[in-house]
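Shown below: protein_26.cif, with mmCIF, C-alpha atoms (C1' of nucleotides).
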```cif
data_final
loop_
_atom_site.label_atom_id
_atom_site.label_comp_id
_atom_site.auth_asym_id
_atom_site.auth_seq_id
_atom_site.Cartn_x
_atom_site.Cartn_y
_atom_site.Cartn_z
CA MET A 1 61.58 192.76 174.06
CA ALA A 2 62.36 194.82 177.11
CA ASP A 3 63.05 198.05 175.26
CA GLU A 4 59.86 199.97 174.67
CA GLU A 5 61.05 201.73 171.55
CA ALA A 6 62.19 198.45 169.99
CA ALA A 7 58.83 196.82 170.72
CA ARG A 8 56.96 199.75 169.19
CA GLU A 9 59.00 199.49 166.02
CA GLN A 10 58.52 195.72 165.89
CA VAL A 11 54.75 196.11 166.11
CA VAL A 12 54.58 198.99 163.65
CA ARG A 13 56.71 197.17 161.09
CA ALA A 14 54.64 194.00 161.29
CA ALA A 15 51.34 195.91 161.19
CA ASP A 16 52.54 198.00 158.27
CA GLU A 17 53.27 194.99 156.13
CA LEU A 18 50.01 193.25 157.03
CA PHE A 19 47.84 196.34 156.62
CA TYR A 20 49.43 197.23 153.29
CA THR A 21 49.12 193.70 151.91
CA LYS A 22 45.61 192.83 153.09
CA GLY A 23 44.00 196.11 154.08
CA VAL A 24 43.54 197.38 157.62
CA GLN A 25 40.15 195.93 158.39
CA ALA A 26 41.07 192.54 157.00
CA VAL A 27 43.83 192.17 159.58
CA GLY A 28 42.97 191.39 163.19
CA MET A 29 45.06 192.36 166.16
CA ASP A 30 45.75 188.68 166.69
CA ALA A 31 47.54 188.57 163.34
CA VAL A 32 49.58 191.61 164.30
CA ARG A 33 50.47 189.92 167.58
CA THR A 34 51.64 186.78 165.82
CA ALA A 35 53.63 188.63 163.15
CA ALA A 36 55.25 191.01 165.61
CA GLY A 37 55.90 188.43 168.31
CA VAL A 38 54.59 190.84 170.92
CA SER A 39 51.77 189.98 173.26
CA LEU A 40 48.40 191.69 172.94
CA LYS A 41 48.71 193.16 176.38
CA ARG A 42 52.01 194.73 175.43
CA ILE A 43 50.60 196.02 172.15
CA TYR A 44 47.74 197.68 173.99
CA SER A 45 50.15 199.20 176.47
CA LEU A 46 52.02 200.77 173.53
CA PHE A 47 48.96 201.79 171.50
CA SER A 48 45.67 202.56 173.16
CA SER A 49 43.63 201.20 170.24
CA LYS A 50 43.90 199.76 166.76
CA ASP A 51 43.11 203.21 165.43
CA GLU A 52 46.17 204.62 167.13
CA LEU A 53 48.28 201.81 165.73
CA VAL A 54 47.02 202.64 162.23
CA VAL A 55 48.08 206.25 162.71
CA ALA A 56 51.51 205.12 163.93
CA VAL A 57 51.84 202.91 160.85
CA LEU A 58 50.95 205.84 158.61
CA ARG A 59 53.59 207.97 160.30
CA HIS A 60 56.12 205.21 159.73
CA ARG A 61 55.10 205.06 156.06
CA THR A 62 55.59 208.81 155.83
CA ALA A 63 59.19 208.41 156.97
CA VAL A 64 59.79 205.59 154.47
CA TRP A 65 58.28 207.69 151.67
CA ASP A 66 60.34 210.74 152.57
CA ASP A 67 63.50 208.64 152.59
CA GLY A 68 62.64 207.19 149.20
CA ILE A 69 62.06 210.59 147.66
CA ALA A 70 65.18 211.97 149.26
CA SER A 71 67.48 209.19 148.07
CA ALA A 72 65.93 209.26 144.59
CA SER A 73 66.67 212.96 144.25
CA GLU A 74 70.15 212.61 145.68
CA ARG A 75 71.85 212.30 142.32
CA ALA A 76 69.83 215.13 140.81
CA THR A 77 71.60 218.46 140.67
CA THR A 78 68.78 220.74 139.55
CA ALA A 79 65.30 221.34 140.89
CA ARG A 80 63.91 220.16 137.57
CA ALA A 81 65.80 216.89 137.85
CA ARG A 82 64.57 216.47 141.43
CA LEU A 83 60.99 216.89 140.27
CA LEU A 84 61.47 214.26 137.59
CA ALA A 85 63.26 212.00 140.06
CA ILE A 86 59.97 211.68 141.96
CA PHE A 87 58.55 209.81 138.99
CA ASP A 88 61.63 207.64 138.58
CA PHE A 89 61.16 206.70 142.20
CA LEU A 90 57.51 205.88 141.52
CA ASP A 91 58.53 203.80 138.50
CA GLY A 92 60.82 201.66 140.59
CA TRP A 93 58.21 201.28 143.30
CA PHE A 94 55.46 200.28 140.86
CA ARG A 95 57.67 197.48 139.62
CA GLU A 96 58.09 195.89 143.03
CA PRO A 97 56.12 192.65 143.09
CA ASP A 98 54.20 193.51 146.24
CA PHE A 99 53.21 197.00 145.10
CA ARG A 100 49.58 197.54 145.99
CA GLY A 101 49.09 201.27 145.56
CA CYS A 102 49.66 204.15 147.91
CA ALA A 103 49.04 203.07 151.50
CA PHE A 104 47.75 206.52 152.35
CA ILE A 105 45.19 206.54 149.57
CA ASN A 106 44.12 202.99 150.35
CA THR A 107 43.78 203.62 154.06
CA HIS A 108 41.96 206.87 153.42
CA GLY A 109 39.43 205.12 151.24
CA GLU A 110 38.97 202.45 153.85
CA LEU A 111 38.85 204.42 157.08
CA SER A 112 38.51 208.16 156.55
CA ALA A 113 34.76 207.94 157.04
CA THR A 114 35.17 206.16 160.36
CA SER A 115 38.31 207.69 161.83
CA GLN A 116 39.12 211.37 161.86
CA ALA A 117 42.64 210.68 163.14
CA VAL A 118 43.38 208.49 160.11
CA ALA A 119 41.96 211.07 157.72
CA ASP A 120 44.13 213.75 159.33
CA ALA A 121 47.30 211.65 159.13
CA VAL A 122 46.73 211.00 155.43
CA ARG A 123 45.96 214.64 154.69
CA GLU A 124 49.07 215.70 156.53
CA GLN A 125 51.31 213.43 154.46
CA LYS A 126 49.83 214.68 151.19
CA ARG A 127 50.21 218.27 152.33
CA THR A 128 53.88 217.70 153.13
CA PHE A 129 54.49 216.19 149.71
CA GLN A 130 52.75 219.08 147.99
CA GLU A 131 54.93 221.52 149.89
CA TYR A 132 58.02 219.64 148.76
CA VAL A 133 56.91 219.91 145.15
CA ALA A 134 56.00 223.55 145.62
CA ARG A 135 59.48 224.30 146.94
CA LEU A 136 61.10 222.77 143.87
CA VAL A 137 58.76 224.64 141.54
CA ALA A 138 59.58 227.87 143.36
CA GLU A 139 63.30 227.16 142.89
CA LEU A 140 62.65 227.06 139.16
CA ASP A 141 60.65 230.29 139.33
CA GLY A 142 57.74 228.35 137.91
CA PRO A 143 54.18 229.55 138.41
CA PRO A 144 52.73 228.40 141.76
CA GLU A 145 49.85 226.48 140.15
CA LEU A 146 52.38 224.13 138.54
CA ALA A 147 53.07 222.48 141.89
CA PRO A 148 49.58 221.05 142.52
CA GLN A 149 49.47 219.91 138.91
CA ILE A 150 52.62 217.86 139.36
CA ALA A 151 51.35 216.52 142.67
CA ILE A 152 48.09 215.49 141.01
CA LEU A 153 50.04 213.61 138.37
CA ALA A 154 51.94 211.77 141.10
CA GLU A 155 48.70 210.82 142.89
CA GLY A 156 47.02 209.75 139.68
CA ALA A 157 50.01 207.65 138.69
CA GLN A 158 49.85 205.78 141.99
CA THR A 159 46.16 204.92 141.77
CA THR A 160 46.37 204.11 138.09
CA ALA A 161 49.34 201.80 138.57
CA ALA A 162 47.65 200.09 141.51
CA ILE A 163 44.37 199.46 139.70
CA ALA A 164 45.80 198.59 136.30
CA GLY A 165 48.54 196.46 137.82
CA THR A 166 51.16 197.89 135.49
CA PRO A 167 53.97 200.41 136.07
CA ASP A 168 53.34 202.40 132.87
CA ALA A 169 51.65 205.27 134.68
CA ALA A 170 54.96 206.46 136.11
CA ARG A 171 56.43 207.04 132.68
CA TYR A 172 53.27 208.70 131.34
CA ALA A 173 53.12 211.02 134.33
CA ARG A 174 56.82 211.81 134.06
CA ASP A 175 56.44 212.75 130.40
CA ALA A 176 53.47 214.95 131.24
CA VAL A 177 55.53 216.73 133.90
CA GLU A 178 58.26 217.36 131.35
CA THR A 179 55.72 218.85 128.97
CA LEU A 180 54.32 221.06 131.72
CA LEU A 181 57.80 222.20 132.73
CA ASP A 182 58.76 222.96 129.16
CA ALA A 183 55.61 224.97 128.69
CA LYS A 184 55.56 226.85 131.98
CA VAL A 185 59.23 227.17 132.95
CA PRO A 186 60.84 228.45 129.78
CA ALA A 187 64.13 229.36 131.39
CA SER A 188 64.67 225.93 132.92
CA VAL A 189 67.96 224.16 132.16
CA MET B 1 8.17 194.34 146.14
CA ALA B 2 7.01 191.68 143.76
CA ASP B 3 9.04 192.78 140.78
CA GLU B 4 12.52 191.30 140.90
CA GLU B 5 14.18 194.04 138.89
CA ALA B 6 12.68 196.71 141.11
CA ALA B 7 13.88 194.96 144.25
CA ARG B 8 17.39 194.61 142.81
CA GLU B 9 17.52 198.32 142.07
CA GLN B 10 16.15 199.18 145.51
CA VAL B 11 18.89 197.13 147.18
CA VAL B 12 21.67 198.39 144.93
CA ARG B 13 20.68 202.00 145.42
CA ALA B 14 20.56 201.70 149.20
CA ALA B 15 23.82 199.74 149.35
CA ASP B 16 25.52 202.22 147.04
CA GLU B 17 24.75 205.17 149.27
CA LEU B 18 25.74 203.33 152.44
CA PHE B 19 28.95 201.86 150.99
CA TYR B 20 30.01 205.17 149.52
CA THR B 21 29.34 207.12 152.70
CA LYS B 22 30.78 204.74 155.28
CA GLY B 23 32.89 202.26 153.34
CA VAL B 24 31.92 198.73 152.40
CA GLN B 25 33.22 196.87 155.40
CA ALA B 26 31.74 199.37 157.83
CA VAL B 27 28.24 198.59 156.57
CA GLY B 28 26.54 195.37 157.57
CA MET B 29 23.96 193.56 155.54
CA ASP B 30 21.45 194.41 158.26
CA ALA B 31 21.95 198.09 157.51
CA VAL B 32 21.40 197.42 153.81
CA ARG B 33 18.22 195.52 154.66
CA THR B 34 16.88 198.38 156.75
CA ALA B 35 17.76 201.07 154.20
CA ALA B 36 16.42 199.13 151.24
CA GLY B 37 13.31 197.82 152.99
CA VAL B 38 13.96 194.39 151.55
CA SER B 39 14.29 191.29 153.70
CA LEU B 40 17.64 189.56 154.08
CA LYS B 41 16.26 186.40 152.57
CA ARG B 42 15.19 188.34 149.51
CA ILE B 43 18.53 190.11 149.25
CA TYR B 44 20.34 186.78 149.35
CA SER B 45 18.02 185.42 146.69
CA LEU B 46 19.00 188.36 144.46
CA PHE B 47 22.73 188.38 145.30
CA SER B 48 24.51 185.24 146.39
CA SER B 49 26.88 187.11 148.71
CA LYS B 50 27.88 190.55 149.91
CA ASP B 51 30.77 190.42 147.46
CA GLU B 52 28.37 190.03 144.58
CA LEU B 53 26.31 192.93 145.86
CA VAL B 54 29.45 195.07 145.94
CA VAL B 55 30.13 194.21 142.31
CA ALA B 56 26.54 195.08 141.39
CA VAL B 57 26.92 198.40 143.18
CA LEU B 58 30.10 199.12 141.24
CA ARG B 59 28.33 198.37 137.99
CA HIS B 60 25.56 200.76 138.99
CA ARG B 61 28.18 203.42 139.78
CA THR B 62 29.70 202.85 136.36
CA ALA B 63 26.38 203.68 134.74
CA VAL B 64 25.98 206.80 136.87
CA TRP B 65 29.52 207.92 136.00
CA ASP B 66 29.01 207.32 132.30
CA ASP B 67 25.79 209.33 132.40
CA GLY B 68 27.55 212.17 134.19
CA ILE B 69 30.36 212.30 131.67
CA ALA B 70 27.93 212.05 128.78
CA SER B 71 25.66 214.84 129.96
CA ALA B 72 28.65 217.05 130.81
CA SER B 73 30.02 216.70 127.30
CA GLU B 74 26.64 217.25 125.70
CA ARG B 75 27.09 220.95 125.17
CA ALA B 76 30.65 220.53 123.91
CA THR B 77 31.02 220.59 120.16
CA THR B 78 34.68 219.62 119.75
CA ALA B 79 36.70 216.69 121.07
CA ARG B 80 38.92 219.15 122.91
CA ALA B 81 35.91 220.66 124.64
CA ARG B 82 34.65 217.20 125.55
CA LEU B 83 37.99 216.37 127.15
CA LEU B 84 37.88 219.55 129.19
CA ALA B 85 34.23 218.90 130.05
CA ILE B 86 35.38 215.86 132.03
CA PHE B 87 37.11 218.18 134.46
CA ASP B 88 34.14 220.54 134.66
CA PHE B 89 32.10 217.51 135.59
CA LEU B 90 34.65 216.61 138.26
CA ASP B 91 34.58 220.17 139.56
CA GLY B 92 30.85 220.05 140.09
CA TRP B 93 31.07 216.64 141.70
CA PHE B 94 33.84 217.67 144.11
CA ARG B 95 31.64 220.50 145.35
CA GLU B 96 28.80 218.23 146.36
CA PRO B 97 28.64 218.12 150.14
CA ASP B 98 28.70 214.34 150.35
CA PHE B 99 31.63 213.91 147.95
CA ARG B 100 33.97 211.35 149.42
CA GLY B 101 36.27 210.48 146.53
CA CYS B 102 35.96 207.99 143.71
CA ALA B 103 33.97 204.97 144.84
CA PHE B 104 36.04 202.74 142.58
CA ILE B 105 39.33 203.89 144.03
CA ASN B 106 38.02 203.67 147.59
CA THR B 107 36.56 200.21 147.10
CA HIS B 108 39.70 199.04 145.35
CA GLY B 109 41.84 200.17 148.25
CA GLU B 110 39.51 198.45 150.68
CA LEU B 111 38.78 195.14 148.96
CA SER B 112 41.06 194.44 146.02
CA ALA B 113 43.35 192.33 148.19
CA THR B 114 40.44 190.20 149.37
CA SER B 115 38.16 190.02 146.36
CA GLN B 116 39.30 189.41 142.82
CA ALA B 117 35.81 190.15 141.48
CA VAL B 118 35.87 193.61 143.01
CA ALA B 119 39.37 194.29 141.67
CA ASP B 120 38.22 193.24 138.20
CA ALA B 121 35.12 195.44 138.28
CA VAL B 122 37.19 198.47 139.25
CA ARG B 123 39.84 197.78 136.63
CA GLU B 124 37.14 197.39 134.00
CA GLN B 125 35.63 200.77 134.78
CA LYS B 126 38.98 202.53 134.62
CA ARG B 127 39.79 200.81 131.36
CA THR B 128 36.51 201.98 129.84
CA PHE B 129 37.21 205.55 130.93
CA GLN B 130 40.70 205.43 129.44
CA GLU B 131 39.28 204.22 126.18
CA TYR B 132 36.82 207.09 126.15
CA VAL B 133 39.66 209.56 126.62
CA ALA B 134 41.75 207.78 124.01
CA ARG B 135 38.94 208.09 121.49
CA LEU B 136 38.73 211.84 122.02
CA VAL B 137 42.50 212.24 121.74
CA ALA B 138 42.45 210.24 118.52
CA GLU B 139 39.74 212.53 117.17
CA LEU B 140 42.14 215.41 117.71
CA ASP B 141 44.98 213.50 116.05
CA GLY B 142 46.89 213.87 119.29
CA PRO B 143 49.67 211.44 120.17
CA PRO B 144 48.37 208.24 121.81
CA GLU B 145 50.38 208.77 125.01
CA LEU B 146 48.37 211.92 125.70
CA ALA B 147 45.32 209.85 126.62
CA PRO B 148 46.77 208.07 129.66
CA GLN B 149 48.27 211.36 130.80
CA ILE B 150 44.86 213.00 130.82
CA ALA B 151 43.34 209.98 132.53
CA ILE B 152 46.04 210.10 135.21
CA LEU B 153 45.20 213.76 135.82
CA ALA B 154 41.55 212.80 136.27
CA GLU B 155 42.42 210.04 138.75
CA GLY B 156 44.82 212.26 140.65
CA ALA B 157 42.27 215.03 140.86
CA GLN B 158 39.75 212.67 142.42
CA THR B 159 42.06 211.37 145.13
CA THR B 160 43.52 214.78 145.83
CA ALA B 161 40.08 216.36 146.17
CA ALA B 162 38.91 213.55 148.42
CA ILE B 163 41.88 213.72 150.76
CA ALA B 164 42.29 217.47 150.83
CA GLY B 165 38.55 218.03 151.12
CA THR B 166 38.63 220.85 148.59
CA PRO B 167 37.51 221.00 144.95
CA ASP B 168 40.59 222.89 143.71
CA ALA B 169 42.17 219.81 142.14
CA ALA B 170 39.61 219.84 139.31
CA ARG B 171 40.69 223.26 138.13
CA TYR B 172 44.39 222.49 138.46
CA ALA B 173 43.99 219.28 136.48
CA ARG B 174 41.91 221.01 133.86
CA ASP B 175 44.56 223.69 133.40
CA ALA B 176 47.22 221.00 133.09
CA VAL B 177 45.17 219.26 130.40
CA GLU B 178 44.92 222.52 128.49
CA THR B 179 48.67 222.94 128.66
CA LEU B 180 49.22 219.39 127.45
CA LEU B 181 46.75 219.86 124.60
CA ASP B 182 48.33 223.13 123.57
CA ALA B 183 51.76 221.52 123.54
CA LYS B 184 50.89 218.23 121.89
CA VAL B 185 47.92 219.05 119.64
CA PRO B 186 49.09 222.19 117.86
CA ALA B 187 46.34 222.13 115.29
CA SER B 188 43.51 221.97 117.84
CA VAL B 189 40.82 224.65 117.63
"C1'" DT C 1 64.66 179.92 200.93
"C1'" DA C 2 60.59 182.65 200.91
"C1'" DC C 3 57.99 186.26 199.09
"C1'" DA C 4 56.24 190.46 196.72
"C1'" DG C 5 55.81 192.62 192.41
"C1'" DT C 6 55.88 192.78 187.45
"C1'" DA C 7 55.19 191.48 182.78
"C1'" DG C 8 54.08 188.11 179.26
"C1'" DA C 9 50.99 184.71 177.03
"C1'" DG C 10 46.82 183.73 175.43
"C1'" DA C 11 42.03 182.48 177.14
"C1'" DA C 12 37.87 184.89 177.50
"C1'" DC C 13 34.38 188.57 176.70
"C1'" DG C 14 30.69 191.07 174.50
"C1'" DA C 15 29.56 192.87 170.17
"C1'" DA C 16 28.93 192.62 165.34
"C1'" DC C 17 29.61 190.38 161.21
"C1'" DG C 18 27.79 187.40 156.90
"C1'" DT C 19 24.72 183.97 156.22
"C1'" DT C 20 20.95 180.61 157.12
"C1'" DC C 21 16.65 178.97 159.22
"C1'" DT C 22 12.28 179.00 161.20
"C1'" DC C 23 8.10 180.59 161.66
"C1'" DC C 24 3.99 183.17 160.31
"C1'" DG C 25 0.43 184.98 157.28
"C1'" DC C 26 -1.49 185.38 152.95
"C1'" DG C 27 -3.48 183.78 148.32
"C1'" DC C 28 -5.64 180.20 145.91
"C1'" DA C 29 -7.54 175.57 144.30
"C1'" DA C 30 -11.18 172.27 145.47
"C1'" DT D 1 -14.23 176.28 154.50
"C1'" DT D 2 -10.14 173.76 154.42
"C1'" DG D 3 -5.64 172.57 153.12
"C1'" DC D 4 -1.43 173.83 150.71
"C1'" DG D 5 2.45 176.30 149.09
"C1'" DC D 6 5.03 180.41 148.81
"C1'" DG D 7 7.45 184.48 150.33
"C1'" DG D 8 8.61 187.89 153.81
"C1'" DA D 9 10.39 189.13 158.47
"C1'" DG D 10 13.78 188.85 161.51
"C1'" DA D 11 15.61 185.50 165.11
"C1'" DA D 12 19.45 182.63 165.33
"C1'" DC D 13 23.95 180.53 164.02
"C1'" DG D 14 28.83 180.16 163.94
"C1'" DT D 15 32.69 183.04 163.37
"C1'" DT D 16 35.66 186.77 164.07
"C1'" DC D 17 36.59 191.15 165.74
"C1'" DG D 18 38.77 194.64 169.28
"C1'" DT D 19 39.70 194.65 173.85
"C1'" DT D 20 40.30 192.98 178.66
"C1'" DC D 21 41.42 189.64 182.27
"C1'" DT D 22 43.51 185.94 184.50
"C1'" DC D 23 46.98 183.03 185.38
"C1'" DT D 24 51.72 181.86 185.30
"C1'" DA D 25 56.68 182.44 185.60
"C1'" DC D 26 60.40 185.09 186.65
"C1'" DT D 27 63.20 188.79 189.04
"C1'" DG D 28 65.18 191.00 192.96
"C1'" DT D 29 65.37 191.40 198.03
"C1'" DA D 30 65.81 189.87 202.85
#
```
For the file at hand, write its structure as structure tokens.
Amino acid sequence: MADEEAAREQVVRAADELFYTKGVQAVGMDAVRTAAGVSLKRIYSLFSSKDELVVAVLRHRTAVWDDGIASASERATTARARLLAIFDFLDGWFREPDFRGCAFINTHGELSATSQAVADAVREQKRTFQEYVARLVAELDGPPELAPQIAILAEGAQTTAAIAGTPDAARYARDAVETLLDAKVPASV
Amino acid sequence: MADEEAAREQVVRAADELFYTKGVQAVGMDAVRTAAGVSLKRIYSLFSSKDELVVAVLRHRTAVWDDGIASASERATTARARLLAIFDFLDGWFREPDFRGCAFINTHGELSATSQAVADAVREQKRTFQEYVARLVAELDGPPELAPQIAILAEGAQTTAAIAGTPDAARYARDAVETLLDAKVPASV
DNA sequence: TACAGTAGAGAACGAACGTTCTCCGCGCAA
DNA sequence: TTGCGCGGAGAACGTTCGTTCTCTACTGTA
């Protein structure tokens, strides 16, 4: 555990899994220590507080999410297919047995009132996603307001799937996106 | 404070405001006691645990939500108008200065992993809302899959507005609903 | 071999939590 | 007036939290 970067990743990975499964406030730093196999002193030399660790975990989640979206849209050749691939990605995710909703939404609900840094990290991730959607909509020459509508469907699908405990929302949202695209992007392939 | 029902309501009201503003786990029972003006002993004679109080608060929120939806759709004469009225209601809500997202979604993200009762209460409320939407869609002779799509837009609008801190999502979602209705309910007025 | 310096492990700290307990004061029967 | 029972207030309990501190063991140098 000599390498600082390796220790950071070890801690973030362990904290990510614990926070996502049980919620941030339900997990003590002792549990993170045990799961990561890194001493508390070391953890606090890497992250100045639990809050900072939460932000680091959110940034890690952002990278995982971006990778997932990217690899899901890899096979898609058109912007329209890449938009729909988002919802295929969600469908697969919702079916994973340990799916428990969007970590950003959950953490926001739990901590945004207490921690500005957490609220900012969540907002930043959502903004990045919206920009990604907006870029694809622009490629299709679709109207700009279509992008937030698709993003809202993605957000709603995540919360709905988490609360209902079923993956159906992905398909419903995907169908709605197709309807919106058909209606607002007439020239789409 | 003799009347039991009055004391219950006093406690639930105070807890609701505190939980919604700061999150459930960030609020201690002492703070509820102070805000409600009801002794801890009394609170614990009315609710056997904090968990049960949380469930009571969620039920109270359900009633408030139902009232809001009902009064928003009062002026609407058609099922289509009542569906759109949901998003006008959301728009007004998002503009309130102390709007902090959907209490059900927030509480679910915070506690569903720890408390089955809380998870059930949240799921129940969402199910009721989806049934309300489904009834309106059926009135329009729209396809059944339109209902969950509209519900997903409502959920997504709430989380997006909460995280972004702007009320725009209500209008975007409303426009999307109109597009979906136009595409899928051709005979609508 | 002896010693200085560093880093890890986890005990310890003060605060705050959910919950329970003890005390006090009031209303009422005799 | 006296004794009794009930309910409210909030002190107190055991636990757990985030964070810090202390002690130990090991490394590299002379």
Q: Just the residues within 10 Å of DC23 of chain C, please, counting all atoms listed in the file, with nothing from its chain fewer than 2 positions along; format it as a count of residues only.
A: 4
Q) Counting only C-alpha atoms (C1' of nucleotides), which of A:Gln125, A:Gln130, A:Ser48, A:Thr78 gets nearest to chain D? A) A:Ser48
Do you have, as JSON lines, the list of residues of segment 59-139 of chain A lying at most 8 Å from segment 161-177 of chain A, each with its nearest atom pair and that distance in Å to one decimal, counting only C-alpha atoms and ordered by chain then number?
```
{"residue": "A:Leu84", "atom": "CA", "partner": "A:Arg174", "partner_atom": "CA", "distance": 6.3}
{"residue": "A:Phe87", "atom": "CA", "partner": "A:Arg174", "partner_atom": "CA", "distance": 5.6}
{"residue": "A:Asp88", "atom": "CA", "partner": "A:Ala170", "partner_atom": "CA", "distance": 7.2}
{"residue": "A:Leu90", "atom": "CA", "partner": "A:Ala170", "partner_atom": "CA", "distance": 6.0}
{"residue": "A:Asp91", "atom": "CA", "partner": "A:Ala170", "partner_atom": "CA", "distance": 5.1}
{"residue": "A:Phe94", "atom": "CA", "partner": "A:Pro167", "partner_atom": "CA", "distance": 5.0}
{"residue": "A:Arg95", "atom": "CA", "partner": "A:Pro167", "partner_atom": "CA", "distance": 5.9}
{"residue": "A:Phe99", "atom": "CA", "partner": "A:Ala162", "partner_atom": "CA", "distance": 7.3}
{"residue": "A:Arg100", "atom": "CA", "partner": "A:Ala162", "partner_atom": "CA", "distance": 5.5}
{"residue": "A:Gly101", "atom": "CA", "partner": "A:Ala162", "partner_atom": "CA", "distance": 4.5}
{"residue": "A:Cys102", "atom": "CA", "partner": "A:Ala162", "partner_atom": "CA", "distance": 7.8}
```
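Distance-wise, atom CA of Thr114 of chain A and atom CA of Val24 of chain B end up 11.4 Å apart.
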Q.
For a cutoff of 12 Å around the file-coordinate point (36.3, 193.0, 169.9), which residues qualify once you count only C-alpha atoms (C1' of nucleotides)? I'd like the result as a PyMOL selection string.
A. (chain A and resi 28-30+49-50) or (chain C and resi 12-17) or (chain D and resi 16-20)
Take the residues that were just selected and, keeping C-alpha atoms (C1' of nucleotides), output them as a compact mmCIF listing (two decimals), in the frame of the given file.
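Contents of again-v4.txt, as written:
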```txt
# COMPACT_ATOMS: atom_id res chain seq x y z
CA GLY A 28 42.97 191.39 163.19
CA MET A 29 45.06 192.36 166.16
CA ASP A 30 45.75 188.68 166.69
CA SER A 49 43.63 201.20 170.24
CA LYS A 50 43.90 199.76 166.76
C1' DA C 12 37.87 184.89 177.50
C1' DC C 13 34.38 188.57 176.70
C1' DG C 14 30.69 191.07 174.50
C1' DA C 15 29.56 192.87 170.17
C1' DA C 16 28.93 192.62 165.34
C1' DC C 17 29.61 190.38 161.21
C1' DT D 16 35.66 186.77 164.07
C1' DC D 17 36.59 191.15 165.74
C1' DG D 18 38.77 194.64 169.28
C1' DT D 19 39.70 194.65 173.85
C1' DT D 20 40.30 192.98 178.66
```
Q: Could you give me, as a PyMOL selection string, the residues that have an atom at most 12 Å away from the point (58.2, 189.8, 199.4) in the coordinates of the file, using all atoms listed in the file?
A: (chain C and resi 1-5) or (chain D and resi 27-30)
Q.
At a cut-off of 10 Å, which residues of chain D touch chain B? Count all atoms listed in the file and give the answer as an NGL selection string.
A. :D and (7-10)
Residues of chain C within 12 Å of chain A, counting all atoms listed in the file, as a tab-separated table (two decimals) with C-alpha atoms (C1' of nucleotides), in the frame of the given file:
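Generated output (iface_13.tsv):
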```tsv
chain	number	residue	atom	x	y	z
C	7	DA	C1'	55.19	191.48	182.78
C	8	DG	C1'	54.08	188.11	179.26
C	9	DA	C1'	50.99	184.71	177.03
C	10	DG	C1'	46.82	183.73	175.43
C	11	DA	C1'	42.03	182.48	177.14
```
Q.
Contacts from chain A to chain B, 9 Å maximum, all atoms listed in the file: show me the residue list as a PyMOL selection string.
A. chain A and resi 21-26+100-103+105-114+119-120+122-123+126-127+145-146+148-160+162-165+169+172-173+175-176+179-180+183-184
